[in-house]
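Input: a single structure, listed below in C-alpha cells.
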Amino acid sequence: MHKNNLSLLMLLLLALALVFAPILPARVKAEGNPAPHSQVGAYDLIAAMNILRMSYGYAPLIEDPIINAVAQSTAQVMADGLLSWHIGNVGGRLAGAGYGGGKTVFATENFAIAGDGATIDQIMLMWADFEHMRPAASPNYCHVGAGTAKASNGMTYFILQAAYISGEACQSNPVGTPLPGQTPGNYGLITPVELVEPDADGNYLHTVKPGQSFWSIAVAYGVTIKDILLWNNLSESYVLQSGDKLMIAGPGSQNMVTPTPLGNVIKATPDAEGKIVHEVQAYQNLSKIGEAYNVSVAELLRLNALAVDTPLQIGQKLLIKGPNQTPTFTPLPLTPLQRLTPAADGKYYHVVADGQNLVWIASLYGIQLSDLLAWNYLNASSVIYPGNRLLLQVTPPATNTPISEPATATPPPTPTFTPGSSPTATRLPLSTPTPTETPNAFSLTDDPANWLWLLAFAAIGVAVYFITDQIKKDQSTRPKDN
C-alpha cells in the first residue's frame, strides 16, 4: 500500500478511536476490584443464634458441613433471582444433600436481606419473633449451617438453617471442637449474657464480654437496643467493644427514665369538656386500651363506629369518652390500605393469594408497579407464589375519627379478579410503551451519544473517499505494461 494511503488509514483509525472512546464502557477486572461484602458472615449468624440458645439453657447447635453447603447454595440462588421469600421445603433439600442418611429430617430456615454495613444486631432483630427464634428456643434442633451471597442490586442475602434427625439424639460436640474439615478454633468464643445484680437505684451496670452484642444483651435484660443506646449516650453506628460498661435501667429504676414497655397504654388526659381521645401506639389493641380506661371493647366499637374485624392503625384517634352525649356515628368504608395491620417489625405486607399477580396487587393498593418491584427487589423475570409476603413501603391513611355527621365518602374501586383467571407465577415487563411511543427509534434528541455515532459515520465516509481517490490517482500515474 502506498505511504499516503497508509497515512490516511492511520488517521481514520485515530478518528474512530476519538469518537468511540466516550461511548464504549470501561472494562474492569473483577479480581482487582471486588465488590464490597457485608461484614457479617455465616459464622456470625451461627454464633449469634447460639448465644441466644445458651441463654435459654440449651446446648449450642452443632455446625454441620452439609447444612452449611445447602444454606450457602440457598443464599446464592435467592441472590441470583432477587427472591423475596423462601424457596421451600428446606427439610427435603437437606435430606437430598445427604443430611440424615435417609431418615426423617425436620428443619427450619431463616433468611434476611440487608445492605452493606449491616450489623449482626440488625439482622437478628429481623428474626426477633417466635417463628425465627425456633433454632434458639426449641431444644429439638441439633445442627446448624449458614450462608451469605451478594445480589446484583448490592444487597446481601443471609440464610440460617437448623435441623435435627427424627429419633436421634444430638451428638456431643463441645463449643470449640472442630468438625471434620474445619480448622481448630473455627467456632470461636460464645459467651451467654448473665444478668448482673441491680445497684441501689435499681439499675444494672453490665460489662461486655467477648462474643456478646447489643442484640444478645438487650434480649437478656428485656429491653431494646435503642434503650441501651439512649441510656449510654451512644450513636446507632457505635461498635460494641469487649470491656465496655453499659448502664441498663431495671424495672425498679429510680434515677433513670425507664421506657414504657411495648404495648402498654399511657392514659390520655380529659379535655375541658371531659372528652377523652386516645392515640393508638404500636402493639396496642382494643383489649389493652379498654382495660386501661376501664371501658369494654363493645363500648369502644360503638363509640368509634368500628367493626370487630377493623384493624387499628398507629396514630389512630379513638374516642374513649364523649363530653355529655354520645352522637350516633356512621362508619366509613375502609380502603385496602386502611385494612392493613402492621407486622411485628412495624412494616406492612401483602400476603399473595391464589390467582393474584403483581399487576393486580399494585392496582389493589393504588401504587406503581415499578415501586412494588423495587420495594421487594423483584424484576421482570421474578415469580410470586401463594403465601409470599410482599413489602409495601406505604403509610396507610389513618382511619378518620368519627363525627356526628360524617361526609359521604366514596371508596376507591377495588380491582376484581377471578381466582385462576390469571396465573400466580407472572412474568411482567417493567414498563410498556404507550401507542404514541416508537421503541428503539433513532433520534438525535434522545441521547447526545447519537451525535457521536453520526460523526463517526461521516468520518468513515470522508476517509473512504480520500483513500479511493488516492488509489485512482496512483493507478493513473503508474506506468502501463507494454
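Residue names in the C-alpha cells use chain letters A, B, ... in the order shown, residue numbers from 1 in each chain, and ligand numbers from 1 in the order shown.
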DSSP says helix (DSSP H, G or I) for which residues of range 108-153 of chain A? Put them as a PyMOL selection string? chain A and resi 120-126+131-137
Using only C-alpha atoms, which residues sit within 7 Å of range 120-123 of chain A once same-chain residues fewer than 3 positions away are excluded, as a list in words? Val40, Asp44, Ala112, Met126, Trp127, Ser213, Phe214 and Trp215 of chain A
Output N, CA and C atoms of each residue in that selection to a file, as a compact mmCIF listing (two decimals), in the first residue's frame.
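So selection-v4.txt came out as:
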# COMPACT_ATOMS: atom_id res chain seq x y z
N VAL A 40 -20.90 -8.98 58.10
CA VAL A 40 -21.47 -10.13 58.79
C VAL A 40 -21.32 -11.37 57.91
N ASP A 44 -21.03 -15.55 61.97
CA ASP A 44 -21.66 -14.59 62.88
C ASP A 44 -23.13 -14.95 63.12
N ALA A 112 -32.68 -13.23 55.64
CA ALA A 112 -32.77 -11.77 55.76
C ALA A 112 -32.04 -11.15 54.58
N MET A 126 -34.30 -8.66 62.86
CA MET A 126 -35.28 -9.10 61.86
C MET A 126 -35.86 -10.46 62.22
N TRP A 127 -35.14 -11.21 63.04
CA TRP A 127 -35.57 -12.57 63.40
C TRP A 127 -36.09 -12.63 64.83
N SER A 213 -23.21 -9.06 72.03
CA SER A 213 -23.59 -7.97 71.15
C SER A 213 -24.72 -7.18 71.78
N PHE A 214 -25.02 -6.02 71.19
CA PHE A 214 -26.15 -5.24 71.66
C PHE A 214 -27.42 -6.09 71.68
N TRP A 215 -27.57 -6.90 70.61
CA TRP A 215 -28.79 -7.68 70.49
C TRP A 215 -28.93 -8.70 71.61
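Closest approach to Met247 in chain A among A:Ile228, A:Leu52, A:Leu306, A:Leu358 is made by A:Ile228 (distances from only C-alpha atoms).
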Of A:Ala305, A:Gln356, A:Gln76, A:Ala118, the one nearest to Pro333 in chain A when counting only C-alpha atoms is A:Ala305
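Among the candidates A:Ile217, A:Ile62, A:Leu83, A:Asp199, the one nearest to Ala374 in chain A when counting only C-alpha atoms is A:Leu83.
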Which residues, written as a list in words, have at least one atom at most 12 Å from Glu197 in chain A, with only C-alpha atoms counted and residues fewer than 2 positions away on the same chain left out? Glu194, Leu195, Asp199, Ala200, Asp201, Gly202, Asn203, Tyr204, Leu205, His206, Thr207, Tyr221, Ile248, Ala249 and Gly250 of chain A
Please, could you write that set of residues out with C-alpha atoms as a short mmCIF file (atom, residue, chain, number, x, y, z; two decimals), in the first residue's frame?
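Final output, again22.cif:
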data_model
loop_
_atom_site.label_atom_id
_atom_site.label_comp_id
_atom_site.auth_asym_id
_atom_site.auth_seq_id
_atom_site.Cartn_x
_atom_site.Cartn_y
_atom_site.Cartn_z
CA GLU A 194 -25.60 -13.38 82.55
CA LEU A 195 -27.60 -10.74 84.39
CA ASP A 199 -27.49 -1.38 92.21
CA ALA A 200 -29.19 0.65 94.93
CA ASP A 201 -31.11 2.65 92.33
CA GLY A 202 -32.45 -0.45 90.61
CA ASN A 203 -30.16 -0.20 87.56
CA TYR A 204 -27.70 -2.66 86.01
CA LEU A 205 -24.07 -1.99 85.09
CA HIS A 206 -23.23 -4.66 82.53
CA THR A 207 -19.64 -5.31 81.42
CA TYR A 221 -32.34 -7.76 80.02
CA ILE A 248 -29.28 -0.54 81.81
CA ALA A 249 -32.40 0.56 83.64
CA GLY A 250 -34.16 -2.10 85.66
#
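Reported to one decimal place, the separation of CA of Gln72 in chain A from CA of Ala163 in chain A is 15.2 Å.
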Can you pull out every residue within 8 Å of Ala79 in chain A, counting only C-alpha atoms, but drop anything in the same chain fewer than 2 positions away, and send it as number ranges by chain? A: 75-77, 81-83, 149-152, 156-157
When you look at Ile46 in chain A with a cut-off of 12 Å (counting only C-alpha atoms), what residues show up, excluding the ones that are within fewer than 6 positions of it in the same chain? I need them as number ranges by chain. A: 40, 52-53, 60-64, 67-68, 71, 110, 120, 123-124, 135-136, 143-148, 158-162, 186-190, 211
Hey, what's within 12 Å of Leu378 in chain A if we count only C-alpha atoms and toss same-chain stuff fewer than 3 positions away? As number ranges by chain, please? A: 78-85, 151-153, 358, 369-375, 381-384, 390-391, 426-430
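Here CA of Leu318 in chain A is placed at a distance of 22.1 Å from CA of Val394 in chain A.
Summary of the local environment: counting only C-alpha atoms, residues at most 6 Å from Tyr164 in chain A, other than itself and those fewer than 3 positions away along its chain, are Phe106, Tyr141 and Cys142 of chain A.
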